[in-house]
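Q: Mind looking over this structure? Questions follow.
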Amino acid sequence: MKIVHVVETWVGGIATYVGALAREQIAMGNEVLLICDPDKMTGTPGVEGLTLIGYRSSRHPARIARVAREIRALLKAIGPDVIHCHSTFPGVYVRLLRHRHAKVLYTPHAWAFLKKDVGSVTRLGYALTERLLATRCDRIVCMSLDELRAARKYRLPMSKVDLVYTGIAGDEARAALDRPSGGSTIRVGYFGRLDYQKGFDVVLDAVPALKPDIEINVYGMAVRGGVAAERAGDDRIVYHGWVDAAATKSAMQAMDVVIVPSRWEGLALVPIEAMRAGKVLVVSGESSLPEQVIHGYNGIILTELTGQCLADNLNRLTVDKCRRMGENARHVFDQTFRQEHFLKSLMRIYEQA
């Protein structure tokens with residue numbers, strides 16, 4: 001089978017998701033190609049056997065049709081059996097024009113109409129666009145019940161919609177789940193973009209109310225729409241900048257708690273990575289995040305998305321609570337979010353399509 005993945009960027013969750021999928025597909029004997037904007041890549045794909053083809057993306061309405069024609073020409077030259085487009089704009093680029101000799105799959109990685117930084121009219125426009133483009137693909141892969149419910153609410157054709165929870169490779173080095181040495185200090189990690197969607201402003205608001213023995217470590221960078229860069233100088237936060245996947249894994253092992261105060265998500269990978277590392281999760285009650293946390297068992301679901309609420313919950317944590325909930329977090333990962341479950345379900349959809 002010849003499979004082409006179409007993405008806009010190669011960083012963060014998209015790179016992790018598509019990279020894991022491509023590795024498995026190549027190992028199964030498929031020919032796998034990646035179409036990506038080289039200007040929006042952080043490093044190389046890092047997937048042996050994956051062929052990279054570049055294009056120039058654009059979100060300007062007047063240029064989207066040009067990008068769609070460019071990608072169709074690339075796909076026609078490749079002649080794939082399956083085209084899998086990931087996230088909103090690649091979903092538009094691919095599905096704007098027809099591809100009669102290939103099956104088309106689409107994973108939104110968080111519906112655009114779930115965004116909370118746009119008005120209701122804009123969200124409705126996104127929903128109508130998704131409904132129209134749904135006629136141009138064979139399957140739509142949602143990553144959470146929240147996405148599935150949203151698809152039903154906005155009347156997308158449910159006969160085309162599948163639910164597959166994302167999974168990542170397990171780490172069998174159980175000794176790595178031990179709490180790092182640090183006395184009574186509780187190390188809290190934030191991993192992701194410093195923007196409104198990810199709730200970084202909530203983290204900044206929480207800092208003044210935190211107890212002295214709580215240390216905040218931030219791994220990520222501000223991108224388009226970054227939050228209040230002028231507030232980034234708080235000396236109670238240690239900024240590490242963007243780090244690659246291997247460094248992220250190592251950094252997460254050094255934490256006691258991982259916070260994910262996002263306002264919307266498809267199915268966030270950071271909580272899954274944190275559970276693999278055996279870390280306590282503190283998440284917002286928004287979007288798909290409550291699907292990943294059993295409150296009081298493997299983490300905490302915030303009742304309010306405010307700095308004060310985040311600070312109050314972090315202040316109540318103890319070393320013993322972190323150890324207990326961290327062990328539970330690893331158990332949830334093993335039962336629900338291992339890579340083999342995810343890949344088997346998704347490849348079944350490929351074969352059925």
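Chain labels A, B, ... are given in the sequence in which chains occur in the structure tokens; within each chain residues are numbered consecutively from 1, and ligands are likewise numbered from 1 in the order shown.
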Apply DSSP to the backbone of this structure and, from stretch 132-325 of chain A, keep only the residues in helix (DSSP H, G or I); write these as a compact mmCIF listing (two decimals) with C-alpha atoms, in the first residue's frame.
A:
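Output saved as part_2.txt:
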# COMPACT_ATOMS: atom_id res chain seq x y z
CA LEU A 132 -19.10 20.43 2.95
CA LEU A 133 -15.60 18.97 2.83
CA ALA A 134 -16.78 15.79 4.57
CA THR A 135 -18.30 14.78 1.23
CA ARG A 136 -14.77 14.76 -0.24
CA LEU A 145 -15.39 11.55 22.56
CA ASP A 146 -15.47 15.34 22.73
CA GLU A 147 -14.59 15.55 19.04
CA LEU A 148 -17.11 12.85 18.22
CA ARG A 149 -19.90 14.67 20.07
CA ALA A 150 -18.97 17.91 18.32
CA ALA A 151 -19.14 16.19 14.93
CA ARG A 152 -22.64 14.99 15.74
CA LYS A 153 -23.70 18.41 17.06
CA MET A 158 -21.58 10.16 11.30
CA SER A 159 -21.44 7.17 8.95
CA LYS A 160 -17.96 8.38 8.01
CA ARG A 174 9.79 0.99 35.40
CA ALA A 175 12.58 2.30 37.62
CA ALA A 176 12.33 5.59 35.75
CA LEU A 177 8.95 6.15 37.39
CA PHE A 200 -0.34 29.51 29.52
CA ASP A 201 -1.90 32.73 30.82
CA VAL A 202 -3.55 30.62 33.56
CA VAL A 203 -0.13 29.34 34.60
CA LEU A 204 1.21 32.90 34.83
CA ASP A 205 -1.80 33.96 36.91
CA ALA A 206 -1.23 31.04 39.31
CA VAL A 207 2.42 31.78 40.13
CA PRO A 208 1.91 34.57 42.74
CA ALA A 209 -0.40 32.30 44.79
CA ALA A 229 5.55 37.81 26.29
CA GLU A 230 6.19 40.77 28.58
CA ARG A 231 5.03 38.64 31.53
CA ALA A 245 11.08 14.60 21.80
CA ALA A 246 13.97 12.86 23.55
CA ALA A 247 14.66 15.89 25.78
CA THR A 248 10.95 16.25 26.52
CA LYS A 249 10.79 12.65 27.68
CA SER A 250 13.80 13.14 29.93
CA ALA A 251 12.46 16.43 31.31
CA MET A 252 9.09 14.89 32.08
CA GLN A 253 10.76 12.15 34.10
CA LEU A 269 -0.48 14.01 23.76
CA VAL A 270 1.17 15.69 26.75
CA PRO A 271 -1.15 13.97 29.28
CA ILE A 272 -0.47 10.60 27.65
CA GLU A 273 3.29 11.20 27.80
CA ALA A 274 2.94 12.25 31.43
CA MET A 275 1.01 9.10 32.31
CA ARG A 276 3.67 6.98 30.62
CA LEU A 289 -9.00 16.45 28.85
CA PRO A 290 -11.49 14.96 31.38
CA GLU A 291 -11.43 11.78 29.26
CA GLY A 307 -4.87 30.93 38.13
CA GLN A 308 -6.25 30.80 41.67
CA CYS A 309 -7.90 27.42 41.14
CA LEU A 310 -4.71 26.01 39.61
CA ALA A 311 -2.62 27.37 42.49
CA ASP A 312 -5.02 26.02 45.14
CA ASN A 313 -4.85 22.51 43.69
CA LEU A 314 -1.08 22.52 43.33
CA ASN A 315 -0.68 23.83 46.89
CA VAL A 319 5.10 14.20 47.93
CA ASP A 320 3.11 11.12 48.99
CA LYS A 321 0.08 12.14 46.89
CA CYS A 322 2.31 12.69 43.89
CA ARG A 323 3.84 9.23 44.28
CA ARG A 324 0.49 7.49 44.66
CA MET A 325 -1.29 9.25 41.81
Q: I'd like the neighbourhood of A:Gln335 as a ChimeraX atom specification, where a residue qualifies if any of its atoms comes within 12 Å (using only C-alpha atoms), though same-chain residues fewer than 5 positions away should be ignored.
A: /A:165,167,170,272,275-276,292,328-330,340-342
Q: Could you turn the residues from that selection into a file that holds N, CA, C and O atoms, as an mmCIF file, in the first residue's frame?
A:
data_model
loop_
_atom_site.group_PDB
_atom_site.id
_atom_site.type_symbol
_atom_site.label_atom_id
_atom_site.label_comp_id
_atom_site.auth_asym_id
_atom_site.auth_seq_id
_atom_site.Cartn_x
_atom_site.Cartn_y
_atom_site.Cartn_z
ATOM 1 N N TYR A 165 -8.589 6.510 19.995
ATOM 2 C CA TYR A 165 -7.741 7.198 20.961
ATOM 3 C C TYR A 165 -6.268 7.080 20.541
ATOM 4 O O TYR A 165 -5.805 5.998 20.177
ATOM 5 N N GLY A 167 -2.326 6.653 20.894
ATOM 6 C CA GLY A 167 -1.464 5.923 21.806
ATOM 7 C C GLY A 167 -0.008 6.186 21.475
ATOM 8 O O GLY A 167 0.323 6.578 20.356
ATOM 9 N N GLY A 170 5.214 2.506 24.830
ATOM 10 C CA GLY A 170 5.447 2.401 26.256
ATOM 11 C C GLY A 170 6.928 2.414 26.584
ATOM 12 O O GLY A 170 7.779 2.179 25.725
ATOM 13 N N ILE A 272 -0.812 12.004 27.879
ATOM 14 C CA ILE A 272 -0.467 10.603 27.651
ATOM 15 C C ILE A 272 1.011 10.378 27.957
ATOM 16 O O ILE A 272 1.395 9.388 28.594
ATOM 17 N N MET A 275 1.443 10.357 31.690
ATOM 18 C CA MET A 275 1.013 9.097 32.307
ATOM 19 C C MET A 275 2.038 8.003 32.078
ATOM 20 O O MET A 275 2.297 7.188 32.962
ATOM 21 N N ARG A 276 2.617 7.960 30.876
ATOM 22 C CA ARG A 276 3.671 6.976 30.623
ATOM 23 C C ARG A 276 4.830 7.156 31.599
ATOM 24 O O ARG A 276 5.424 6.173 32.064
ATOM 25 N N GLN A 292 -9.103 11.840 29.991
ATOM 26 C CA GLN A 292 -7.798 11.266 30.268
ATOM 27 C C GLN A 292 -7.473 11.201 31.766
ATOM 28 O O GLN A 292 -6.466 10.598 32.145
ATOM 29 N N ASN A 328 -0.729 5.422 39.717
ATOM 30 C CA ASN A 328 -2.033 5.196 39.095
ATOM 31 C C ASN A 328 -2.038 5.691 37.646
ATOM 32 O O ASN A 328 -2.675 5.084 36.776
ATOM 33 N N ALA A 329 -1.337 6.796 37.402
ATOM 34 C CA ALA A 329 -1.273 7.351 36.051
ATOM 35 C C ALA A 329 -0.635 6.351 35.089
ATOM 36 O O ALA A 329 -1.105 6.167 33.958
ATOM 37 N N ARG A 330 0.426 5.700 35.535
ATOM 38 C CA ARG A 330 1.064 4.699 34.676
ATOM 39 C C ARG A 330 0.108 3.542 34.403
ATOM 40 O O ARG A 330 0.074 2.995 33.283
ATOM 41 N N GLU A 340 0.223 0.211 20.646
ATOM 42 C CA GLU A 340 -0.272 -0.918 19.868
ATOM 43 C C GLU A 340 -1.797 -0.897 19.723
ATOM 44 O O GLU A 340 -2.325 -1.293 18.677
ATOM 45 N N HIS A 341 -2.514 -0.420 20.746
ATOM 46 C CA HIS A 341 -3.972 -0.314 20.636
ATOM 47 C C HIS A 341 -4.349 0.694 19.546
ATOM 48 O O HIS A 341 -5.215 0.443 18.705
ATOM 49 N N PHE A 342 -3.688 1.833 19.570
ATOM 50 C CA PHE A 342 -3.950 2.920 18.623
ATOM 51 C C PHE A 342 -3.672 2.487 17.190
ATOM 52 O O PHE A 342 -4.501 2.662 16.286
#
Q: Rank A:Val67, A:Ile168, A:Val293, A:Ala110 by their smallest atom-to-atom distance to A:Leu21, using only C-alpha atoms, and report the top residue only.
A: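 The shortest atom-to-atom distance to A:Leu21 comes from A:Ile168.
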Q: As a list in words, please: every residue in stretch 69-111 of chain A that DSSP puts in strand (DSSP E or B).
A: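 Output for stretch 69-111 of chain A, strand (DSSP E or B) only: Val82, Ile83, His84, Cys85, His86, Lys103, Val104, Leu105, Tyr106 and Thr107 of chain A.
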Q: So, with only C-alpha atoms as the atoms that count, which of A:Thr166, A:Ser120, A:Thr107, A:Gln197 lies closest to A:Asp138?
A: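 Once distances to A:Asp138 are computed over only C-alpha atoms, the minimum belongs to A:Thr107.
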Q: Which neighbours of A:Ser262 fall inside 7 Å, counting only C-alpha atoms, when residues of the same chain fewer than 6 positions from it are skipped, and could you give them as a list in words?
A: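 Once the adjacent positions are removed, what remains is Gln197, Lys198, Gly199 and Ser284 of chain A.
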Q: Which of these residues is nearest to A:Asn30, using only C-alpha atoms: A:Pro108, A:Pro212, A:Gly54, A:Pro80?
A: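 Among the listed residues, A:Pro80 lies closest to A:Asn30.
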Q: At a cut-off of 7 Å, using only C-alpha atoms, what residues contact A:Val282? Leave out same-chain residues fewer than 5 positions from it and give the result as a list in words.
A: Val258, Ile259, Val260, Gly299, Ile300 and Ile301 of chain A
Q: Applying 7 Å and only C-alpha atoms, which residues near A:Ile83 remain after dropping the ones on its own chain fewer than 4 positions away? List them as an mmCIF file with N, CA, C and O atoms, in the first residue's frame.
A:
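And here is the file that came out, selection-v7.cif:
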data_model
loop_
_atom_site.group_PDB
_atom_site.id
_atom_site.type_symbol
_atom_site.label_atom_id
_atom_site.label_comp_id
_atom_site.auth_asym_id
_atom_site.auth_seq_id
_atom_site.Cartn_x
_atom_site.Cartn_y
_atom_site.Cartn_z
ATOM 1 N N ILE A 3 1.036 5.063 0.957
ATOM 2 C CA ILE A 3 0.325 5.965 1.859
ATOM 3 C C ILE A 3 1.017 7.316 1.884
ATOM 4 O O ILE A 3 2.242 7.389 2.029
ATOM 5 N N VAL A 4 0.240 8.386 1.768
ATOM 6 C CA VAL A 4 0.786 9.744 1.849
ATOM 7 C C VAL A 4 0.125 10.472 3.009
ATOM 8 O O VAL A 4 -1.107 10.542 3.095
ATOM 9 N N HIS A 5 0.937 11.013 3.901
ATOM 10 C CA HIS A 5 0.451 11.874 4.978
ATOM 11 C C HIS A 5 0.696 13.326 4.575
ATOM 12 O O HIS A 5 1.804 13.680 4.146
ATOM 13 N N ALA A 102 -7.734 7.478 -5.098
ATOM 14 C CA ALA A 102 -7.180 7.213 -3.772
ATOM 15 C C ALA A 102 -8.266 7.385 -2.719
ATOM 16 O O ALA A 102 -9.216 8.159 -2.899
ATOM 17 N N LYS A 103 -8.123 6.665 -1.622
ATOM 18 C CA LYS A 103 -8.998 6.863 -0.478
ATOM 19 C C LYS A 103 -8.442 8.001 0.375
ATOM 20 O O LYS A 103 -7.232 8.095 0.579
ATOM 21 N N VAL A 104 -9.319 8.855 0.849
ATOM 22 C CA VAL A 104 -8.900 10.033 1.610
ATOM 23 C C VAL A 104 -9.397 9.921 3.047
ATOM 24 O O VAL A 104 -10.604 9.762 3.284
ATOM 25 N N LEU A 105 -8.466 10.006 4.002
ATOM 26 C CA LEU A 105 -8.790 10.037 5.429
ATOM 27 C C LEU A 105 -8.418 11.407 5.980
ATOM 28 O O LEU A 105 -7.446 12.027 5.524
#
Q: Out of A:Ile237, A:Ala65, A:Ala73, A:Val257, which residue has the shortest atom-to-atom distance to A:Val92 when counting only C-alpha atoms?
A: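 Of the candidates, the smallest distance to A:Val92 is held by A:Ala65.
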Q: Considering only C-alpha atoms, return as an MDAnalysis selection string whatever protein or nucleic-acid residues lie within 7 Å of A:Val32, sequence-local ones (same chain, fewer than 5 positions apart) excluded.
A: chainID A and resid 2:4 22 26 50:51
Q: How would the residues just picked look written out with N, CA and C atoms as an mmCIF file, in the first residue's frame?
A:
data_model
loop_
_atom_site.group_PDB
_atom_site.id
_atom_site.type_symbol
_atom_site.label_atom_id
_atom_site.label_comp_id
_atom_site.auth_asym_id
_atom_site.auth_seq_id
_atom_site.Cartn_x
_atom_site.Cartn_y
_atom_site.Cartn_z
ATOM 1 N N LYS A 2 0.551 2.213 -0.845
ATOM 2 C CA LYS A 2 1.278 3.483 -0.878
ATOM 3 C C LYS A 2 0.448 4.525 -0.126
ATOM 4 N N ILE A 3 1.036 5.063 0.957
ATOM 5 C CA ILE A 3 0.325 5.965 1.859
ATOM 6 C C ILE A 3 1.017 7.316 1.884
ATOM 7 N N VAL A 4 0.240 8.386 1.768
ATOM 8 C CA VAL A 4 0.786 9.744 1.849
ATOM 9 C C VAL A 4 0.125 10.472 3.009
ATOM 10 N N ALA A 22 3.659 6.548 10.837
ATOM 11 C CA ALA A 22 4.498 6.264 9.670
ATOM 12 C C ALA A 22 5.488 5.132 9.953
ATOM 13 N N ILE A 26 5.568 1.726 7.768
ATOM 14 C CA ILE A 26 6.773 1.311 7.045
ATOM 15 C C ILE A 26 7.202 -0.082 7.490
ATOM 16 N N LEU A 50 10.983 7.085 5.440
ATOM 17 C CA LEU A 50 9.913 8.029 5.110
ATOM 18 C C LEU A 50 10.415 9.031 4.070
ATOM 19 N N THR A 51 9.714 9.135 2.958
ATOM 20 C CA THR A 51 10.081 10.066 1.892
ATOM 21 C C THR A 51 9.407 11.410 2.130
#
Q: Could you tell me how far atom CA of A:Glu265 sits from atom CA of A:His109, in Å to one decimal place?
A: 7.6 Å
Q: Looking at A:Lys76, A:Arg59, A:Met28, A:Pro90, which one is nearest to A:Glu8, with distances taken over only C-alpha atoms?
A: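 Using only C-alpha atoms, the shortest distance to A:Glu8 belongs to A:Pro90.
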Q: Quick one, how far is atom CA of A:Ile214 from atom CA of A:Thr318?
A: 10.2 Å
Q: Go through A:Leu305, A:Leu124, A:Ala77, A:Met1 one by one, measure the shortest atom-to-atom distance of each to A:Tyr196 using only C-alpha atoms, and give the residue with the smallest value.
A: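 Closest candidate: A:Leu305.
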Q: Could you jot down the atom CA of A:His86 to atom CA of A:Gly19 separation for me, Å, one decimal place?
A: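 Interatomic distance here is 12.0 Å.
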